[in-house]
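Asker: If it helps, the file is called work-v6.pdb and holds PDB, C-alpha atoms:
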```pdb
ATOM      1  CA  MET F   1       0.000   0.000   0.000
ATOM      2  CA  LYS F   2       1.404   3.368  -0.984
ATOM      3  CA  CYS F   3       1.027   6.004   1.720
ATOM      4  CA  ILE F   4       1.727   9.656   2.328
ATOM      5  CA  ILE F   5       1.823  11.557   5.616
ATOM      6  CA  ILE F   6       0.590  15.110   6.010
ATOM      7  CA  ASP F   7       1.306  16.681   9.382
ATOM      8  CA  ASP F   8       2.895  20.002  10.252
ATOM      9  CA  GLU F   9       4.711  18.425  13.208
ATOM     10  CA  ALA F  10       7.944  16.626  12.274
ATOM     11  CA  ALA F  11       7.869  14.505  15.454
ATOM     12  CA  ALA F  12       4.355  13.278  14.596
ATOM     13  CA  ARG F  13       5.453  12.350  11.067
ATOM     14  CA  ALA F  14       8.448  10.449  12.447
ATOM     15  CA  ILE F  15       6.134   8.385  14.655
ATOM     16  CA  VAL F  16       3.906   7.416  11.723
ATOM     17  CA  VAL F  17       6.964   6.522   9.631
ATOM     18  CA  GLN F  18       8.187   4.288  12.452
ATOM     19  CA  LEU F  19       4.781   2.611  12.813
ATOM     20  CA  CYS F  20       4.577   2.043   9.053
ATOM     21  CA  SER F  21       8.058   0.503   9.025
ATOM     22  CA  ARG F  22       6.696  -2.351  11.180
ATOM     23  CA  ILE F  23       4.219  -3.349   8.487
ATOM     24  CA  PRO F  24       6.036  -4.715   5.418
ATOM     25  CA  TYR F  25       3.375  -3.921   2.820
ATOM     26  CA  LEU F  26       3.189  -0.226   3.749
ATOM     27  CA  GLU F  27       5.357   2.082   1.692
ATOM     28  CA  ILE F  28       5.705   5.741   2.648
ATOM     29  CA  VAL F  29       6.217   7.493  -0.668
ATOM     30  CA  GLU F  30       6.289  11.046   0.673
ATOM     31  CA  GLU F  31       5.850  13.238   3.753
ATOM     32  CA  PHE F  32       4.428  16.757   3.793
ATOM     33  CA  SER F  33       4.390  19.429   6.477
ATOM     34  CA  ASN F  34       1.433  21.236   4.883
ATOM     35  CA  ALA F  35      -1.727  20.336   3.010
ATOM     36  CA  MET F  36      -1.012  22.381  -0.126
ATOM     37  CA  ASP F  37       2.116  20.381  -0.950
ATOM     38  CA  GLY F  38       0.078  17.224  -0.407
ATOM     39  CA  ILE F  39      -2.539  18.400  -2.899
ATOM     40  CA  LYS F  40       0.112  19.221  -5.510
ATOM     41  CA  PHE F  41       1.593  15.756  -5.093
ATOM     42  CA  LEU F  42      -1.806  14.053  -5.394
ATOM     43  CA  ASN F  43      -2.485  15.922  -8.636
ATOM     44  CA  LYS F  44       0.414  13.985 -10.148
ATOM     45  CA  GLN F  45       0.373  10.676  -8.310
ATOM     46  CA  THR F  46      -2.064   8.316  -6.676
ATOM     47  CA  VAL F  47      -1.685   6.648  -3.315
ATOM     48  CA  ASP F  48      -3.741   4.131  -1.357
ATOM     49  CA  VAL F  49      -3.683   5.817   2.044
ATOM     50  CA  ILE F  50      -3.144   9.264   3.518
ATOM     51  CA  PHE F  51      -2.256   9.707   7.173
ATOM     52  CA  LEU F  52      -3.627  13.156   7.734
ATOM     53  CA  ASP F  53      -3.406  15.564  10.636
ATOM     54  CA  ILE F  54      -6.639  17.494  11.090
ATOM     55  CA  HIS F  55      -5.224  20.483  12.873
ATOM     56  CA  MET F  56      -2.861  22.328  10.595
ATOM     57  CA  PRO F  57      -2.409  26.087  10.311
ATOM     58  CA  GLY F  58      -4.448  27.709   7.540
ATOM     59  CA  PHE F  59      -5.827  24.557   5.959
ATOM     60  CA  SER F  60      -7.486  21.908   8.095
ATOM     61  CA  GLY F  61      -7.504  18.199   7.333
ATOM     62  CA  PHE F  62     -11.216  18.406   6.515
ATOM     63  CA  ASP F  63     -10.589  21.278   4.064
ATOM     64  CA  PHE F  64      -7.959  19.069   2.478
ATOM     65  CA  VAL F  65     -10.320  16.088   2.110
ATOM     66  CA  GLN F  66     -12.915  18.304   0.425
ATOM     67  CA  THR F  67     -10.454  19.416  -2.242
ATOM     68  CA  LEU F  68      -9.755  15.855  -3.405
ATOM     69  CA  LYS F  69     -11.796  14.733  -6.401
ATOM     70  CA  LYS F  70     -11.051  11.058  -5.954
ATOM     71  CA  PRO F  71      -9.705  10.700  -2.427
ATOM     72  CA  PRO F  72      -7.804   7.600  -1.394
ATOM     73  CA  LYS F  73      -8.423   6.034   2.002
ATOM     74  CA  ILE F  74      -7.723   8.505   4.763
ATOM     75  CA  VAL F  75      -6.681   7.897   8.346
ATOM     76  CA  LEU F  76      -7.079  11.029  10.411
ATOM     77  CA  ILE F  77      -4.531  11.701  13.107
ATOM     78  CA  THR F  78      -5.236  14.275  15.765
ATOM     79  CA  SER F  79      -4.839  15.263  19.375
ATOM     80  CA  ASP F  80      -8.547  16.066  19.640
ATOM     81  CA  THR F  81     -11.369  13.580  19.955
ATOM     82  CA  LYS F  82     -13.943  16.276  19.299
ATOM     83  CA  PHE F  83     -13.643  15.983  15.503
ATOM     84  CA  ALA F  84     -14.451  12.271  15.437
ATOM     85  CA  ILE F  85     -18.139  12.781  14.613
ATOM     86  CA  ASP F  86     -17.296  15.134  11.736
ATOM     87  CA  ALA F  87     -15.071  12.414  10.278
ATOM     88  CA  TYR F  88     -18.099  10.203   9.615
ATOM     89  CA  GLU F  89     -19.316  12.782   7.081
ATOM     90  CA  TYR F  90     -16.619  11.641   4.669
ATOM     91  CA  LEU F  91     -16.704   8.242   2.994
ATOM     92  CA  SER F  92     -12.987   8.288   2.330
ATOM     93  CA  ILE F  93     -12.130   8.627   6.032
ATOM     94  CA  VAL F  94     -11.608   5.102   7.265
ATOM     95  CA  ASP F  95     -10.315   5.712  10.764
ATOM     96  CA  TYR F  96      -9.484   8.298  13.365
ATOM     97  CA  LEU F  97      -6.335   7.962  15.461
ATOM     98  CA  VAL F  98      -5.737  10.010  18.579
ATOM     99  CA  LYS F  99      -2.160  11.050  19.354
ATOM    100  CA  PRO F 100       0.000   9.587  20.755
ATOM    101  CA  ILE F 101      -0.676   6.548  18.576
ATOM    102  CA  THR F 102       0.040   3.094  19.944
ATOM    103  CA  GLU F 103       1.269   0.281  17.708
ATOM    104  CA  ASP F 104      -1.762  -1.927  18.437
ATOM    105  CA  ARG F 105      -4.185   0.823  17.533
ATOM    106  CA  PHE F 106      -2.216   1.645  14.396
ATOM    107  CA  ARG F 107      -2.312  -1.986  13.246
ATOM    108  CA  LYS F 108      -6.084  -2.066  13.746
ATOM    109  CA  SER F 109      -6.362   1.032  11.643
ATOM    110  CA  ILE F 110      -4.347  -0.535   8.835
ATOM    111  CA  GLU F 111      -6.639  -3.584   8.959
ATOM    112  CA  LYS F 112      -9.595  -1.248   8.514
ATOM    113  CA  VAL F 113      -7.896   0.369   5.521
ATOM    114  CA  LYS F 114      -7.164  -3.032   3.978
ATOM    115  CA  ASP F 115     -10.739  -4.121   4.505
ATOM    116  CA  SER F 116     -12.069  -0.916   2.987
ATOM    117  CA  LEU F 117      -9.763  -1.201  -0.055
ATOM    118  CA  GLN F 118     -10.815  -4.823  -0.614
ATOM    119  CA  LYS F 119     -14.511  -3.920  -0.440
ATOM    120  CA  GLN F 120     -13.960  -1.074  -2.877
ATOM    121  CA  ALA F 121     -12.107  -3.356  -5.300
ATOM    122  CA  THR F 122     -14.922  -5.920  -5.149
ATOM    123  CA  VAL F 123     -17.595  -3.299  -5.839
ATOM    124  CA  GLU F 124     -15.589  -1.822  -8.733
ATOM    125  CA  LYS F 125     -15.087  -5.292 -10.223
ATOM    126  CA  GLU F 126     -18.799  -6.078  -9.962
ATOM    127  CA  VAL F 127     -19.763  -2.793 -11.610
ATOM    128  CA  GLN F 128     -17.239  -3.386 -14.380
ATOM    129  CA  THR F 129     -18.459  -6.962 -14.889
ATOM    130  CA  ASP F 130     -22.081  -5.856 -15.014
ATOM    131  CA  GLU F 131     -21.294  -3.188 -17.577
ATOM    132  CA  THR F 132     -19.190  -5.379 -19.849
ATOM    133  CA  GLN F 133     -21.518  -8.346 -19.611
ATOM    134  CA  GLU F 134     -24.488  -6.402 -20.904
ATOM    135  CA  GLU F 135     -23.139  -6.048 -24.424
ATOM    136  CA  LEU F 136     -21.022  -7.695 -27.098
ATOM    137  CA  TYR F 137     -19.332  -6.185 -30.164
ATOM    138  CA  ILE F 138     -19.273  -8.215 -33.367
ATOM    139  CA  ASN F 139     -17.091  -7.470 -36.375
ATOM    140  CA  ILE F 140     -18.984  -7.335 -39.657
ATOM    141  CA  ASP F 141     -17.344  -5.880 -42.766
ATOM    142  CA  ARG F 142     -14.853  -3.989 -40.596
ATOM    143  CA  ARG F 143     -17.656  -2.442 -38.570
ATOM    144  CA  LEU F 144     -17.998  -3.169 -34.899
ATOM    145  CA  ILE F 145     -21.659  -3.585 -34.139
ATOM    146  CA  LYS F 146     -22.855  -3.473 -30.571
ATOM    147  CA  LEU F 147     -25.364  -6.107 -29.543
ATOM    148  CA  ARG F 148     -27.174  -6.139 -26.256
ATOM    149  CA  LEU F 149     -26.827  -9.608 -24.839
ATOM    150  CA  ASN F 150     -30.423  -9.785 -23.692
ATOM    151  CA  GLU F 151     -31.539  -9.253 -27.308
ATOM    152  CA  ILE F 152     -29.676 -12.294 -28.629
ATOM    153  CA  LEU F 153     -31.952 -15.308 -29.033
ATOM    154  CA  LEU F 154     -29.431 -17.877 -30.191
ATOM    155  CA  ILE F 155     -26.163 -18.389 -32.012
ATOM    156  CA  LYS F 156     -25.771 -20.999 -34.718
ATOM    157  CA  ALA F 157     -22.526 -22.381 -36.175
ATOM    158  CA  GLU F 158     -22.438 -22.386 -39.999
ATOM    159  CA  GLY F 159     -19.086 -23.651 -41.282
ATOM    160  CA  ASP F 160     -16.497 -20.912 -40.713
ATOM    161  CA  TYR F 161     -19.237 -18.514 -39.645
ATOM    162  CA  ILE F 162     -21.687 -18.084 -36.827
ATOM    163  CA  GLU F 163     -25.155 -16.620 -37.119
ATOM    164  CA  VAL F 164     -26.224 -14.408 -34.243
ATOM    165  CA  LYS F 165     -30.024 -14.318 -34.233
ATOM    166  CA  LEU F 166     -31.986 -11.462 -32.721
ATOM    167  CA  ALA F 167     -35.782 -11.104 -32.839
ATOM    168  CA  ASP F 168     -35.666  -9.010 -35.999
ATOM    169  CA  LYS F 169     -32.173  -9.555 -37.402
ATOM    170  CA  VAL F 170     -29.545 -12.162 -38.122
ATOM    171  CA  TYR F 171     -25.844 -11.232 -38.118
ATOM    172  CA  ARG F 172     -23.410 -13.501 -39.936
ATOM    173  CA  VAL F 173     -19.947 -13.272 -38.375
ATOM    174  CA  HIS F 174     -16.690 -14.920 -39.369
ATOM    175  CA  ASN F 175     -15.964 -16.645 -36.067
ATOM    176  CA  THR F 176     -16.427 -19.868 -34.165
ATOM    177  CA  LEU F 177     -19.008 -20.967 -31.645
ATOM    178  CA  LYS F 178     -16.234 -21.805 -29.215
ATOM    179  CA  LYS F 179     -14.850 -18.262 -29.279
ATOM    180  CA  ILE F 180     -18.149 -16.498 -28.829
ATOM    181  CA  LYS F 181     -19.078 -18.878 -26.042
ATOM    182  CA  GLU F 182     -16.087 -17.621 -24.070
ATOM    183  CA  LYS F 183     -17.460 -14.075 -24.302
ATOM    184  CA  LEU F 184     -20.963 -14.898 -23.137
ATOM    185  CA  PRO F 185     -22.098 -15.001 -19.516
ATOM    186  CA  GLU F 186     -22.771 -18.602 -18.478
ATOM    187  CA  ASN F 187     -25.786 -17.700 -16.424
ATOM    188  CA  ILE F 188     -27.680 -16.583 -19.563
ATOM    189  CA  PHE F 189     -26.204 -18.605 -22.421
ATOM    190  CA  LEU F 190     -25.947 -22.359 -22.770
ATOM    191  CA  GLN F 191     -24.660 -24.605 -25.510
ATOM    192  CA  ILE F 192     -27.285 -27.270 -26.119
ATOM    193  CA  HIS F 193     -25.873 -28.697 -29.351
ATOM    194  CA  ARG F 194     -22.472 -28.642 -31.060
ATOM    195  CA  SER F 195     -23.926 -26.060 -33.476
ATOM    196  CA  TYR F 196     -26.113 -24.032 -31.124
ATOM    197  CA  ILE F 197     -25.814 -21.737 -28.137
ATOM    198  CA  ILE F 198     -29.111 -20.431 -26.834
ATOM    199  CA  ASN F 199     -30.158 -17.554 -24.628
ATOM    200  CA  PHE F 200     -31.567 -19.528 -21.762
ATOM    201  CA  THR F 201     -33.975 -16.767 -20.742
ATOM    202  CA  LYS F 202     -35.700 -16.819 -24.169
ATOM    203  CA  ILE F 203     -36.893 -20.430 -24.075
ATOM    204  CA  ILE F 204     -40.626 -20.789 -24.703
ATOM    205  CA  ASP F 205     -40.869 -24.539 -24.335
ATOM    206  CA  ILE F 206     -38.874 -27.740 -24.484
ATOM    207  CA  GLU F 207     -39.861 -30.934 -26.138
ATOM    208  CA  ASP F 208     -37.997 -34.213 -25.934
ATOM    209  CA  ASN F 209     -35.081 -33.294 -28.157
ATOM    210  CA  SER F 210     -35.653 -29.644 -29.005
ATOM    211  CA  VAL F 211     -36.091 -26.171 -27.587
ATOM    212  CA  LEU F 212     -38.408 -23.497 -28.936
ATOM    213  CA  ILE F 213     -37.169 -19.907 -28.928
ATOM    214  CA  GLU F 214     -39.620 -17.607 -30.725
ATOM    215  CA  LYS F 215     -40.135 -19.493 -33.987
ATOM    216  CA  ASN F 216     -36.814 -21.306 -33.903
ATOM    217  CA  VAL F 217     -36.698 -24.974 -33.083
ATOM    218  CA  ILE F 218     -33.242 -25.878 -31.827
ATOM    219  CA  PRO F 219     -32.057 -29.443 -31.380
ATOM    220  CA  ILE F 220     -30.708 -30.618 -28.029
ATOM    221  CA  SER F 221     -27.824 -33.035 -28.201
ATOM    222  CA  ARG F 222     -27.789 -35.990 -25.887
ATOM    223  CA  SER F 223     -24.568 -34.864 -24.203
ATOM    224  CA  ASN F 224     -25.867 -31.325 -23.475
ATOM    225  CA  ARG F 225     -29.304 -32.366 -22.304
ATOM    226  CA  PRO F 226     -28.321 -33.108 -18.647
ATOM    227  CA  GLU F 227     -26.890 -29.587 -18.204
ATOM    228  CA  LEU F 228     -30.016 -28.037 -19.722
ATOM    229  CA  MET F 229     -32.249 -30.058 -17.412
ATOM    230  CA  ARG F 230     -30.118 -29.149 -14.421
ATOM    231  CA  ARG F 231     -30.577 -25.450 -15.156
ATOM    232  CA  LEU F 232     -34.336 -25.663 -15.493
ATOM    233  CA  ASN F 233     -36.408 -24.615 -12.553
ATOM    234  CA  LEU F 234     -38.538 -27.756 -12.735
ATOM    235  CA  LEU F 235     -41.752 -28.041 -10.799
TER     236      LEU F 235
ATOM    237  CA  MET D   1       7.132  16.551  43.126
ATOM    238  CA  ARG D   2       6.821  18.160  39.715
ATOM    239  CA  GLU D   3       6.044  15.857  36.792
ATOM    240  CA  GLN D   4       9.122  14.822  34.824
ATOM    241  CA  PRO D   5       9.345  13.793  31.155
ATOM    242  CA  ASN D   6      10.282  10.252  30.193
ATOM    243  CA  LEU D   7      10.960   8.237  27.038
ATOM    244  CA  ASN D   8       8.709   5.268  27.821
ATOM    245  CA  TYR D   9       6.465   5.833  24.795
ATOM    246  CA  ILE D  10       9.381   6.355  22.432
ATOM    247  CA  LYS D  11      11.170   3.246  23.691
ATOM    248  CA  GLU D  12       8.007   1.181  23.330
ATOM    249  CA  LEU D  13       7.523   2.509  19.831
ATOM    250  CA  SER D  14      11.128   1.915  18.841
ATOM    251  CA  GLY D  15      11.111  -1.722  19.943
ATOM    252  CA  GLY D  16      14.842  -1.364  20.557
ATOM    253  CA  ASP D  17      15.501   0.484  17.308
ATOM    254  CA  LYS D  18      18.213   2.841  18.551
ATOM    255  CA  ALA D  19      18.483   4.618  15.209
ATOM    256  CA  PHE D  20      14.835   5.623  15.457
ATOM    257  CA  GLU D  21      15.233   6.750  19.071
ATOM    258  CA  GLU D  22      18.178   8.967  18.170
ATOM    259  CA  LYS D  23      16.449  10.357  15.108
ATOM    260  CA  PHE D  24      13.327  11.099  17.098
ATOM    261  CA  MET D  25      15.232  12.834  19.931
ATOM    262  CA  SER D  26      17.023  14.911  17.337
ATOM    263  CA  ILE D  27      13.695  15.990  15.821
ATOM    264  CA  VAL D  28      12.294  16.950  19.219
ATOM    265  CA  LYS D  29      15.511  18.762  20.101
ATOM    266  CA  THR D  30      15.207  20.828  16.909
ATOM    267  CA  GLU D  31      11.453  21.303  16.794
ATOM    268  CA  PHE D  32      10.652  22.050  20.432
ATOM    269  CA  PRO D  33      12.771  25.228  20.854
ATOM    270  CA  ILE D  34      11.310  26.628  17.611
ATOM    271  CA  GLU D  35       7.784  25.960  18.817
ATOM    272  CA  LYS D  36       8.568  27.508  22.185
ATOM    273  CA  GLU D  37       9.946  30.638  20.542
ATOM    274  CA  GLU D  38       6.901  30.893  18.291
ATOM    275  CA  TYR D  39       4.648  30.413  21.280
ATOM    276  CA  LEU D  40       6.302  33.184  23.293
ATOM    277  CA  SER D  41       6.351  35.502  20.297
ATOM    278  CA  TYR D  42       2.617  35.177  19.544
ATOM    279  CA  LEU D  43       1.764  35.342  23.243
ATOM    280  CA  GLU D  44       3.655  38.608  23.510
ATOM    281  CA  LYS D  45       1.778  39.951  20.478
ATOM    282  CA  LYS D  46      -1.453  38.899  22.220
ATOM    283  CA  ASP D  47      -2.401  36.873  19.121
ATOM    284  CA  TYR D  48      -4.137  34.287  21.246
ATOM    285  CA  LYS D  49      -5.717  32.387  18.367
ATOM    286  CA  THR D  50      -2.330  31.594  16.831
ATOM    287  CA  THR D  51      -0.914  30.977  20.301
ATOM    288  CA  SER D  52      -3.645  28.391  20.922
ATOM    289  CA  GLU D  53      -2.714  26.627  17.653
ATOM    290  CA  ILE D  54       0.904  26.418  18.752
ATOM    291  CA  VAL D  55      -0.133  25.099  22.157
ATOM    292  CA  HIS D  56      -2.242  22.505  20.333
ATOM    293  CA  LYS D  57       0.808  21.320  18.426
ATOM    294  CA  MET D  58       3.070  21.380  21.492
ATOM    295  CA  LYS D  59       0.734  19.335  23.658
ATOM    296  CA  HIS D  60       1.407  16.277  21.477
ATOM    297  CA  LYS D  61       5.025  16.408  22.600
ATOM    298  CA  PHE D  62       3.876  16.502  26.216
ATOM    299  CA  SER D  63       2.026  13.226  25.747
ATOM    300  CA  ILE D  64       4.914  11.698  23.778
ATOM    301  CA  LEU D  65       7.181  12.568  26.684
ATOM    302  CA  GLY D  66       4.786  10.996  29.165
ATOM    303  CA  MET D  67       3.662  14.268  30.753
ATOM    304  CA  GLN D  68       0.028  13.498  31.421
ATOM    305  CA  GLN D  69      -0.552  16.404  33.798
ATOM    306  CA  GLY D  70       1.236  18.753  31.432
ATOM    307  CA  TYR D  71      -0.966  17.486  28.602
ATOM    308  CA  LYS D  72      -4.161  18.135  30.579
ATOM    309  CA  LEU D  73      -2.936  21.598  31.441
ATOM    310  CA  ALA D  74      -2.195  22.301  27.750
ATOM    311  CA  VAL D  75      -5.695  21.159  26.733
ATOM    312  CA  GLU D  76      -7.244  23.584  29.215
ATOM    313  CA  TYR D  77      -4.836  26.371  28.336
ATOM    314  CA  GLU D  78      -5.530  25.952  24.622
ATOM    315  CA  GLU D  79      -9.268  26.369  25.270
ATOM    316  CA  ASN D  80      -8.631  29.390  27.493
ATOM    317  CA  LEU D  81      -6.529  31.049  24.797
ATOM    318  CA  LYS D  82      -9.367  30.635  22.310
ATOM    319  CA  LYS D  83     -11.369  32.764  24.741
ATOM    320  CA  ASP D  84      -8.493  35.264  25.045
ATOM    321  CA  SER D  85      -7.648  34.084  28.559
ATOM    322  CA  VAL D  86      -4.027  33.549  29.590
ATOM    323  CA  THR D  87      -4.645  32.491  33.173
ATOM    324  CA  LEU D  88      -2.624  29.266  32.861
ATOM    325  CA  GLN D  89       0.379  30.773  31.090
ATOM    326  CA  ASP D  90       2.701  30.572  34.137
ATOM    327  CA  ASN D  91       1.988  26.896  34.722
ATOM    328  CA  PHE D  92       2.383  26.229  31.007
ATOM    329  CA  LEU D  93       5.739  27.957  30.980
ATOM    330  CA  ILE D  94       6.936  25.751  33.837
ATOM    331  CA  VAL D  95       6.097  22.663  31.742
ATOM    332  CA  LEU D  96       7.978  24.120  28.776
ATOM    333  CA  GLN D  97      11.017  24.824  30.919
ATOM    334  CA  THR D  98      10.917  21.297  32.355
ATOM    335  CA  ILE D  99      10.915  19.819  28.843
ATOM    336  CA  GLU D 100      13.593  22.222  27.696
ATOM    337  CA  ARG D 101      15.892  21.107  30.510
ATOM    338  CA  TYR D 102      15.122  17.479  29.776
ATOM    339  CA  ILE D 103      15.882  17.564  26.053
ATOM    340  CA  LYS D 104      19.234  19.203  26.749
ATOM    341  CA  THR D 105      20.218  15.919  28.406
ATOM    342  CA  PHE D 106      19.753  13.947  25.148
TER     343      PHE D 106
END
```
How does this structure look as structure tokens?

Answerer:
Amino acid sequence: MKCIIIDDEAAARAIVVQLCSRIPYLEIVEEFSNAMDGIKFLNKQTVDVIFLDIHMPGFSGFDFVQTLKKPPKIVLITSDTKFAIDAYEYLSIVDYLVKPITEDRFRKSIEKVKDSLQKQATVEKEVQTDETQEELYINIDRRLIKLRLNEILLIKAEGDYIEVKLADKVYRVHNTLKKIKEKLPENIFLQIHRSYIINFTKIIDIEDNSVLIEKNVIPISRSNRPELMRRLNLL
Amino acid sequence: MREQPNLNYIKELSGGDKAFEEKFMSIVKTEFPIEKEEYLSYLEKKDYKTTSEIVHKMKHKFSILGMQQGYKLAVEYEENLKKDSVTLQDNFLIVLQTIERYIKTF
């Protein structure tokens, strides 16, 4: 974790440096005795954590937090407990340490930062996954055409091509079923035959050896049938 | 008996790291006299708001040096200064002088 320290008191900065040195994955990249220098630095570089003194002449720690467009995790360090409630106003403020800081309390604070960073990473990954899994670009005559996944009914292999069928259109793409399958979310799409992948949510009915999606009758191969049956919410 | 500074906190923090202890003492030895001078200067100018900010910063050193009574005094004095009251300035000065004597022994 990359960290910076902002505190106008050199002795206070030295204590945080010492505490950080006990935790191998913490790297102090810079120290600042005033908030303005910290802001200039953060305009050029990103860090994971800021150890920030609240009480600095001219520019308080809270003023500093408000100036940051995309603040990293912040651990406030202060001699006053009276600002603790104000700290909860800011999502980026993970913890509040009262001077003089003990090693045990500092370690707990770092655990909180780690936990907060992990949660943030998980949320960002989920958002990214949701966004990318909603659409697929196909290359037709050097044009990239965006398809919404929930509009695809089925995909059929045709020699060196695949046909992507929507309700009102069919796109013929030079590609393989295997490759497109890798791009499709498994919870929606299912291969039910060596030549067919279907959008599972579009099934109207299933007969012995075939599935009906709109007006398309798609064969089910014997080997894929168990997986199809497993996915069905059978009464 | 008047409260005396100690290095218990620093030694606990250092975990036997002598280099850190020496570096830290050196910082305090440099920083404290500057803060004291600033404090006296703003007090003389009767700029009590700035004086209170300096007292705020100095009180951390009191707690680092194990001066619990001195720390409590500084907290009260800081609040008084915000209200333009200097009633605790003599007691505060005694704490400063105690620390000053102590850091000369480093």

Asker: Output the contact residues of chain D with respect to chain F at a cut-off of 7 Å, based on all atoms listed in the file, as an MDAnalysis selection string.

Answerer: chainID D and resid 13 24 27:28 60 63:64

Asker: Leaving out region 88-93 of chain D and any residue of its chain fewer than 3 positions from it, which residues lie within 7 Å of it when counting only C-alpha atoms, given as an mmCIF file with C-alpha atoms, in the frame of the given file?

Answerer:
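And here is the file that came out, out-v4.cif:
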```cif
data_model
loop_
_atom_site.group_PDB
_atom_site.id
_atom_site.type_symbol
_atom_site.label_atom_id
_atom_site.label_comp_id
_atom_site.auth_asym_id
_atom_site.auth_seq_id
_atom_site.Cartn_x
_atom_site.Cartn_y
_atom_site.Cartn_z
ATOM 1 C CA ALA D 74 -2.195 22.301 27.750
ATOM 2 C CA TYR D 77 -4.836 26.371 28.336
ATOM 3 C CA LEU D 96 7.978 24.120 28.776
ATOM 4 C CA GLN D 97 11.017 24.824 30.919
#
```

Asker: Just to confirm, what's the straight-line distance from CA of Ser210 (chain F) to CA of Tyr196 (chain F) in Å (one decimal)?

Answerer: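 So the answer is 11.3 Å.
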
Asker: Quote the spacing between CA of Tyr42 (chain D) and CA of Phe32 (chain F) in Å to one decimal place.

Answerer: 24.3 Å

Asker: Could you check how far CA of Asn8 (chain D) sits from CA of Gly66 (chain D), in Å to one decimal?

Answerer: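 Separation of CA of Asn8 (chain D) and CA of Gly66 (chain D): 7.1 Å.
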
Asker: Please list as a list in words every residue within 9 Å of Leu26 (chain F), counting only C-alpha atoms and excluding residues in the same chain fewer than 5 positions away.

Answerer: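 My list of contacting residues is Met1, Lys2, Cys3, Cys20 and Ser21 of chain F.
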
Asker: Choose the residue, out of F:Ile74, F:Ala35, F:Leu228, F:Leu136, that has the smallest atom-to-atom separation from Pro185 (chain F); count all atoms listed in the file.

Answerer: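 Counting all atoms listed in the file, the residue closest to Pro185 (chain F) is F:Leu136.
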
Asker: For Ile138 (chain F), which residue among F:Val173, F:Ile162, F:Val113, F:Ile197 is the nearest when counting only C-alpha atoms?

Answerer: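 The answer is F:Val173, which sits nearest to Ile138 (chain F).
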
Asker: Hey, what's within 10 Å of Arg148 (chain F) if we count all atoms listed in the file and toss same-chain stuff fewer than 6 positions away? As number ranges by chain, please?

Answerer: F: 133-137, 166

Asker: Nearest residue to Glu31 (chain D) out of D:Ile54, D:Glu79, D:Asn6, D:Asp47, using all atoms listed in the file?

Answerer: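 Closest to Glu31 (chain D) of all the choices is D:Ile54.
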
Asker: List the residues selected by the PyMOL selection byres ((chain F and resi 187-195) around 10) in the file shown, writing them as a ChimeraX atom specification.

Answerer: /F:149-150,152-159,162,176-178,181,184-186,196-202,210-211,218-228,231

Asker: Return as number ranges by chain the set of residues that the PyMOL selection byres ((chain D and resi 2) around 12) yields on the displayed structure.

Answerer: D: 1, 3-5, 67-70, 91, 94-95, 97-99

Asker: Fewer than 5 positions away in the same chain doesn't count, so skip those; otherwise give me all residues within 8 Å of region 87-96 of chain F, counting only C-alpha atoms, as a list in words.

Answerer: Pro71, Pro72, Lys73, Ile74, Val75, Leu76, Ile77, Thr78, Ser109, Lys112, Val113 and Ser116 of chain F

Asker: Evaluating the PyMOL selection byres ((chain D and resi 38) around 12) on the displayed file yields which residues, as an MDAnalysis selection string?

Answerer: chainID D and resid 31:37 39:45 47:48 50:55 57:58

Asker: I'd like the box whose edges run along x, y and z of the file and which contains every listed atom of region 21-35 of chain D, padded by 5 Å per side; could you state its centre and edge lengths in Å, one decimal, as lines of an AutoDock Vina configuration file?

Answerer:
```
center_x = 13.0
center_y = 16.7
center_z = 18.0
size_x = 20.4
size_y = 29.9
size_z = 15.7
```

Asker: Starting from the incomplete input, reconstruct N, CA and C atoms of region 9-17 of chain F and write that as an mmCIF file, in the coordinates of the input.

Answerer:
```cif
data_model
loop_
_atom_site.group_PDB
_atom_site.id
_atom_site.type_symbol
_atom_site.label_atom_id
_atom_site.label_comp_id
_atom_site.auth_asym_id
_atom_site.auth_seq_id
_atom_site.Cartn_x
_atom_site.Cartn_y
_atom_site.Cartn_z
ATOM 1 N N GLU F 9 3.771 18.711 12.127
ATOM 2 C CA GLU F 9 4.711 18.425 13.208
ATOM 3 C C GLU F 9 5.664 17.300 12.790
ATOM 4 N N ALA F 10 6.951 17.614 12.722
ATOM 5 C CA ALA F 10 7.944 16.626 12.274
ATOM 6 C C ALA F 10 7.976 15.394 13.189
ATOM 7 N N ALA F 11 7.833 15.635 14.508
ATOM 8 C CA ALA F 11 7.869 14.505 15.454
ATOM 9 C C ALA F 11 6.708 13.547 15.194
ATOM 10 N N ALA F 12 5.537 14.115 14.873
ATOM 11 C CA ALA F 12 4.355 13.278 14.596
ATOM 12 C C ALA F 12 4.564 12.457 13.324
ATOM 13 N N ARG F 13 5.189 13.078 12.321
ATOM 14 C CA ARG F 13 5.453 12.350 11.067
ATOM 15 C C ARG F 13 6.442 11.206 11.326
ATOM 16 N N ALA F 14 7.438 11.486 12.144
ATOM 17 C CA ALA F 14 8.448 10.449 12.447
ATOM 18 C C ALA F 14 7.794 9.241 13.121
ATOM 19 N N ILE F 15 6.825 9.496 13.975
ATOM 20 C CA ILE F 15 6.134 8.385 14.655
ATOM 21 C C ILE F 15 5.355 7.531 13.645
ATOM 22 N N VAL F 16 4.665 8.185 12.728
ATOM 23 C CA VAL F 16 3.906 7.416 11.723
ATOM 24 C C VAL F 16 4.857 6.626 10.821
ATOM 25 N N VAL F 17 5.971 7.240 10.457
ATOM 26 C CA VAL F 17 6.964 6.522 9.631
ATOM 27 C C VAL F 17 7.431 5.266 10.370
#
```
